Amino acid sequence: MRAALALLLLHAAGMAAAAGATVQVDRLDEPSATAAEVVAGLHDARFVPAEKPAVIQQRGPSAVWWRVRSTVPRPAASEPHLLLLSPRHTVVEAWVPGRATPTRHALYGRDSDPRHSTRALVVPLPDGLQPGQPIYLRVTMPSPVPVKIAIETRAQVQEGDLRHAAWRAAILAATLVLVVLALTYWIGVGDRSFVYLALLLLFVVLFSAGMGGELRAVPGLGRLFGSGPQPARVAAAAGLVASCLFFRRYLDLQQYAPRHDRLFAWLTWIAVGLTLANLVSPSALNVPVFNAVLPVVALAVLSASLTSLWAGNRAARYLTVGWLPVLVTISLRAAQPFGLLQDWTGIDQMISVSYAFGGVLLTIGLSDKLLELRRDRDEASRRATFDALTGAYTRHAIDGRLAQEVADAEANGRPLCVAFVDIDHFKRINDTHGHNVGDQCLRYVSLRIRNVLRGSDVLARYGGDELLVLMPDTTLSEAGRIAERMREAVACRPLALDDLRLPSTLSIGVAEYVPGEGVERLLERADGALYRSKSAGRNRVSAQESLEATGEAT
């Protein structure tokens, strides 16, 4: 993408040097001059050289006379053509040598020429052009953006048209794909950032294609955008609104850059005002206001992204890199109406490329932002599900799992057992050796218990040093044997904690679910069985059936 920008710059500079050396452009500041007088040469002495070589630029709605001459011969055999590059909504009447009547040329309407691309207004010179021989142009230019003058052969015109059409089709198609992609993401995840990005890129396409002439073949849009620059200016101002909304949300300025957030709130309302002003009135005053606001917004975006990046916003990296080409190109475009860089004709393509490049990076940035949010969500879910110290289920997670297993056991008549596990004299370990040793003890005990459990069994940290084991599809006798293996796994050898060797034992209470009793009653009976183990001297397993069914505990 950067190489493409560099090639466009070199191409524009090369065209400027070539055209400037062979084409001379003069202007007539004589509003009352008639076509007959000008074509007859009565005002030739009043023509003055253009401010920039081979460049036409004028302000105001009135038509202005221009004279174009070649410094080298252009024989008819080479089929020369006069080109007005990047004309936008410029309308030209041309009086060429050998023709008594003028021809009209424009990108839109009945004066458009579908035989050529939208890169230029093309005026044939069938009789060729001798050095110093004049071509008179009567130009109406709604926008003060400069138009480059060049003379090319038919082969050069065709080659340039093909190259321009390929560039524009690729750029506009890529941007539209990004619009569809952003909308698809929005439908999928519901994040409004994607809507704002889609609107921003869509308005960029409408403005670029509206000014560039590509919309002339689109039914309805061709008539709308061919009526003048006002619809394209509305699209540009609306794009400014969408950009402010997007960058404000994408960078999360309320959190990372509150001052910039307030600035963007004001800029958003200014852009809304510009949109309404362009919608209501085609006043030429809207153009300099927009050209003044656009660089302010661009610089504000860059400043906000750098501030947000410094504050730790990962998403700002993509915006910082992707926005720099946009900032450069729109600044170059904004400078042209003020007399700077007038002989650069590739800026429109550069702007489109930079927006497409920025759109790609911003789409990647949004995707990365979603992945980061998903990772944070998964991490939060993991922390809510698994205890950080032991790796066992948390109490919140096991409560949900236990409710599911009880419901399944109730519905399908399958056995279900639970076991409460308590580390004997755990408080004494904490008081004697400290909580750090106590935490290590709890972690090692949990590992030993997990090593003897089956794949279907679930271990949870129910609170403090109390563990809960959930055993689906398990009868009371089977659960008792599993509990005994847990007790033996811990009691068989001391826990090796750094230089300490701590003997550890477990008291375990087991209960089997009885249909209709509910979760709370099941846990109460398991807790009762655990109390019996502690009362009987600890380091043992006690199992308790339904008291209603047996009348006693076993």
# chains A, B, ... in the order shown; residues from 1 in each chain; ligands from 1

$ residues_around --residues "Thr268 in chain A" --least-positions-apart "4" --cutoff "9 Å" --atoms "only C-alpha atoms" --output "short mmCIF file (atom, residue, chain, number, x, y, z; two decimals) with N, CA, C and O atoms, in the first residue's frame"
data_model
loop_
_atom_site.label_atom_id
_atom_site.label_comp_id
_atom_site.auth_asym_id
_atom_site.auth_seq_id
_atom_site.Cartn_x
_atom_site.Cartn_y
_atom_site.Cartn_z
N LEU A 240 -17.75 13.04 7.77
CA LEU A 240 -17.04 13.65 8.89
C LEU A 240 -17.76 13.36 10.21
O LEU A 240 -17.13 13.10 11.23
N VAL A 241 -19.09 13.40 10.18
CA VAL A 241 -19.87 13.05 11.38
C VAL A 241 -19.60 11.60 11.78
O VAL A 241 -19.32 11.30 12.94
N ALA A 242 -19.68 10.70 10.78
CA ALA A 242 -19.46 9.28 11.06
C ALA A 242 -18.05 9.03 11.59
O ALA A 242 -17.85 8.20 12.49
N SER A 243 -17.07 9.75 11.04
CA SER A 243 -15.69 9.56 11.50
C SER A 243 -15.53 9.99 12.95
O SER A 243 -14.86 9.30 13.74
N CYS A 244 -16.13 11.12 13.33
CA CYS A 244 -16.03 11.58 14.72
C CYS A 244 -16.67 10.56 15.67
O CYS A 244 -16.11 10.25 16.73
N LEU A 245 -17.84 10.06 15.29
CA LEU A 245 -18.51 9.07 16.12
C LEU A 245 -17.70 7.79 16.21
O LEU A 245 -17.58 7.18 17.30
N LEU A 263 -13.50 17.15 23.06
CA LEU A 263 -13.19 17.80 21.79
C LEU A 263 -13.96 17.16 20.65
O LEU A 263 -14.54 17.86 19.80
N PHE A 264 -14.00 15.84 20.63
CA PHE A 264 -14.71 15.14 19.55
C PHE A 264 -16.21 15.34 19.64
O PHE A 264 -16.91 15.29 18.62
N VAL A 272 -22.07 17.96 12.07
CA VAL A 272 -23.52 17.90 11.84
C VAL A 272 -24.01 19.22 11.24
O VAL A 272 -24.81 19.24 10.29
N GLY A 273 -23.51 20.34 11.78
CA GLY A 273 -23.87 21.64 11.23
C GLY A 273 -23.45 21.80 9.79
O GLY A 273 -24.20 22.33 8.95
#

$ residues_around --residues "Leu324 in chain A" --least-positions-apart "2" --cutoff "10 Å" --atoms "only C-alpha atoms" --output "count of residues only"
14

$ select_by_dssp --residues "range 388-516 of chain A" --states "alpha helix (DSSP H)" --output "number ranges by chain"
A: 395-412, 426-433, 435-452, 476-491

$ write_last_selection --atoms "C-alpha atoms" --output "short mmCIF file (atom, residue, chain, number, x, y, z; two decimals), in the first residue's frame"
data_model
loop_
_atom_site.label_atom_id
_atom_site.label_comp_id
_atom_site.auth_asym_id
_atom_site.auth_seq_id
_atom_site.Cartn_x
_atom_site.Cartn_y
_atom_site.Cartn_z
CA ARG A 395 -18.68 -22.55 44.59
CA HIS A 396 -20.70 -20.52 42.09
CA ALA A 397 -19.82 -22.94 39.29
CA ILE A 398 -20.45 -26.11 41.31
CA ASP A 399 -23.84 -24.82 42.48
CA GLY A 400 -24.96 -24.57 38.85
CA ARG A 401 -23.47 -27.95 37.95
CA LEU A 402 -25.03 -29.60 41.00
CA ALA A 403 -28.47 -28.22 40.13
CA GLN A 404 -28.13 -29.68 36.61
CA GLU A 405 -27.01 -33.08 37.89
CA VAL A 406 -29.85 -33.24 40.45
CA ALA A 407 -32.38 -32.37 37.76
CA ASP A 408 -30.92 -35.08 35.51
CA ALA A 409 -30.96 -37.63 38.30
CA GLU A 410 -34.56 -36.73 39.13
CA ALA A 411 -35.68 -36.99 35.51
CA ASN A 412 -33.82 -40.20 34.56
CA PHE A 426 -6.11 -26.92 58.71
CA LYS A 427 -6.43 -23.87 60.98
CA ARG A 428 -3.51 -25.16 63.01
CA ILE A 429 -1.36 -25.26 59.84
CA ASN A 430 -2.25 -21.65 59.02
CA ASP A 431 -1.58 -20.48 62.56
CA THR A 432 1.73 -22.35 62.87
CA HIS A 433 3.27 -21.96 59.42
CA HIS A 435 -1.25 -18.72 55.20
CA ASN A 436 1.25 -19.19 52.36
CA VAL A 437 2.04 -22.70 53.59
CA GLY A 438 -1.67 -23.27 54.17
CA ASP A 439 -2.41 -22.31 50.55
CA GLN A 440 0.29 -24.71 49.30
CA CYS A 441 -1.13 -27.44 51.50
CA LEU A 442 -4.61 -26.89 50.08
CA ARG A 443 -3.26 -26.95 46.53
CA TYR A 444 -1.35 -30.23 47.01
CA VAL A 445 -4.30 -31.90 48.73
CA SER A 446 -6.52 -30.91 45.79
CA LEU A 447 -4.01 -32.40 43.35
CA ARG A 448 -3.88 -35.69 45.23
CA ILE A 449 -7.66 -35.88 45.36
CA ARG A 450 -8.00 -35.10 41.66
CA ASN A 451 -5.53 -37.86 40.81
CA VAL A 452 -7.85 -40.57 42.21
CA LEU A 476 -23.54 -44.67 47.83
CA SER A 477 -21.31 -47.73 48.11
CA GLU A 478 -19.27 -46.71 45.06
CA ALA A 479 -18.98 -43.16 46.39
CA GLY A 480 -17.74 -44.52 49.71
CA ARG A 481 -14.96 -46.44 47.98
CA ILE A 482 -13.95 -43.34 45.98
CA ALA A 483 -13.94 -41.25 49.15
CA GLU A 484 -11.73 -43.83 50.84
CA ARG A 485 -9.25 -43.61 47.96
CA MET A 486 -9.21 -39.83 48.38
CA ARG A 487 -8.49 -40.15 52.09
CA GLU A 488 -5.70 -42.68 51.53
CA ALA A 489 -4.11 -40.60 48.74
CA VAL A 490 -3.66 -37.71 51.18
CA ALA A 491 -2.82 -39.64 54.35
#

$ closest_residue --among "A:Glu51, A:Asp527, A:Glu152, A:Glu30" --to "Leu468 in chain A" --atoms "only C-alpha atoms"
A:Asp527

$ residues_around --residues "Arg532 in chain A" --least-positions-apart "4" --cutoff "10 Å" --atoms "only C-alpha atoms" --output "number ranges by chain"
A: 507-509, 526-528, 536-538, 540-544, 553-554

$ closest_residue --among "A:Ser70, A:Gln158, A:Ser367, A:Ser86" --to "Val189 in chain A" --atoms "only C-alpha atoms"
A:Ser367

$ residues_around --residues "Phe290 in chain A" --least-positions-apart "4" --cutoff "10 Å" --atoms "only C-alpha atoms" --output "ChimeraX atom specification"
/A:233,236-237,240,270-271,274-275,278,285-286,294-296,334

$ select_by_dssp --residues "range 96-298 of chain A" --states "strand (DSSP E)" --output "JSON, numbers by chain"
{"A": [103, 104, 105, 120, 121, 122, 123, 124, 134, 135, 136, 137, 138, 139, 140, 147, 148, 149, 150, 151, 152, 153]}

$ write_last_selection --atoms "C-alpha atoms" --output "JSON list (two decimals), in the first residue's frame"
[["chain", "number", "residue", "atom", "x", "y", "z"],
["A", 103, "THR", "CA", -17.66, 21.35, -28.04],
["A", 104, "ARG", "CA", -18.93, 20.90, -24.49],
["A", 105, "HIS", "CA", -17.37, 18.49, -22.04],
["A", 120, "ALA", "CA", -10.17, 13.65, -17.47],
["A", 121, "LEU", "CA", -12.30, 15.65, -19.83],
["A", 122, "VAL", "CA", -10.97, 14.72, -23.26],
["A", 123, "VAL", "CA", -11.05, 17.22, -26.13],
["A", 124, "PRO", "CA", -9.98, 15.77, -29.52],
["A", 134, "PRO", "CA", -4.35, 28.59, -29.27],
["A", 135, "ILE", "CA", -7.16, 26.48, -27.88],
["A", 136, "TYR", "CA", -9.75, 28.62, -26.13],
["A", 137, "LEU", "CA", -11.60, 27.21, -23.15],
["A", 138, "ARG", "CA", -14.58, 28.67, -21.37],
["A", 139, "VAL", "CA", -14.54, 26.96, -17.95],
["A", 140, "THR", "CA", -17.14, 26.77, -15.20],
["A", 147, "VAL", "CA", -7.39, 21.02, -12.83],
["A", 148, "LYS", "CA", -4.25, 19.91, -14.65],
["A", 149, "ILE", "CA", -3.90, 20.48, -18.41],
["A", 150, "ALA", "CA", -2.10, 17.96, -20.61],
["A", 151, "ILE", "CA", -1.93, 16.97, -24.27],
["A", 152, "GLU", "CA", -1.63, 13.28, -25.09],
["A", 153, "THR", "CA", -1.82, 11.06, -28.14]]

$ closest_residue --among "A:Leu497, A:Leu416, A:Val293, A:Ile423" --to "Ser533 in chain A" --atoms "only C-alpha atoms"
A:Ile423

$ residues_around --residues "Leu181 in chain A" --least-positions-apart "3" --cutoff "12 Å" --atoms "only C-alpha atoms" --output "list in words"
Ala174, Thr175, Leu176, Val177, Leu178, Thr184, Tyr185, Trp186, Ile187, Gly188, Phe194, Val195, Leu197, Ala198, Leu199, Leu201, Leu202, Gly359, Val360, Leu362, Thr363, Ile364, Leu366 and Ser367 of chain A

$ residues_around --residues "range 89-96 of chain A" --least-positions-apart "4" --cutoff "10 Å" --atoms "only C-alpha atoms" --output "PyMOL selection string"
chain A and resi 35+38-39+63-68+82+84+100-108+111-112+121+123-129+133-145+147+210-213+225-229

$ atom_distance --atom1 "CA of Gly464 in chain A" --atom2 "CA of Ser504 in chain A"
16.1 Å

$ residues_around --residues "Val157 in chain A" --least-positions-apart "5" --cutoff "9 Å" --atoms "only C-alpha atoms" --output "VMD selection string"
chain A and resid 80 to 81 83 116 122 152 162

$ write_last_selection --atoms "N, CA, C and O atoms" --output "PDB file, in the first residue's frame"
ATOM      1  N   PRO A  80      -3.703  13.872 -31.421  1.00  0.00           N
ATOM      2  CA  PRO A  80      -3.560  14.477 -30.091  1.00  0.00           C
ATOM      3  C   PRO A  80      -4.917  14.795 -29.462  1.00  0.00           C
ATOM      4  O   PRO A  80      -5.915  15.028 -30.159  1.00  0.00           O
ATOM      5  N   HIS A  81      -4.941  14.813 -28.147  1.00  0.00           N
ATOM      6  CA  HIS A  81      -6.141  15.155 -27.384  1.00  0.00           C
ATOM      7  C   HIS A  81      -5.733  16.075 -26.235  1.00  0.00           C
ATOM      8  O   HIS A  81      -4.697  15.864 -25.596  1.00  0.00           O
ATOM      9  N   LEU A  83      -6.412  17.223 -22.499  1.00  0.00           N
ATOM     10  CA  LEU A  83      -6.989  16.606 -21.309  1.00  0.00           C
ATOM     11  C   LEU A  83      -7.053  17.609 -20.170  1.00  0.00           C
ATOM     12  O   LEU A  83      -6.084  18.333 -19.919  1.00  0.00           O
ATOM     13  N   HIS A 116     -14.485   7.494 -22.712  1.00  0.00           N
ATOM     14  CA  HIS A 116     -13.284   7.705 -21.916  1.00  0.00           C
ATOM     15  C   HIS A 116     -13.600   7.509 -20.432  1.00  0.00           C
ATOM     16  O   HIS A 116     -14.753   7.598 -20.007  1.00  0.00           O
ATOM     17  N   VAL A 122     -11.821  14.948 -22.085  1.00  0.00           N
ATOM     18  CA  VAL A 122     -10.967  14.716 -23.258  1.00  0.00           C
ATOM     19  C   VAL A 122     -11.512  15.505 -24.444  1.00  0.00           C
ATOM     20  O   VAL A 122     -12.662  15.329 -24.849  1.00  0.00           O
ATOM     21  N   GLU A 152      -2.101  14.644 -24.902  1.00  0.00           N
ATOM     22  CA  GLU A 152      -1.629  13.282 -25.094  1.00  0.00           C
ATOM     23  C   GLU A 152      -2.092  12.752 -26.438  1.00  0.00           C
ATOM     24  O   GLU A 152      -3.097  13.223 -27.001  1.00  0.00           O
ATOM     25  N   LEU A 162      -7.245   3.127 -19.187  1.00  0.00           N
ATOM     26  CA  LEU A 162      -7.257   1.761 -18.658  1.00  0.00           C
ATOM     27  C   LEU A 162      -6.626   1.701 -17.269  1.00  0.00           C
ATOM     28  O   LEU A 162      -7.155   1.042 -16.368  1.00  0.00           O
TER      29      LEU A 162
END
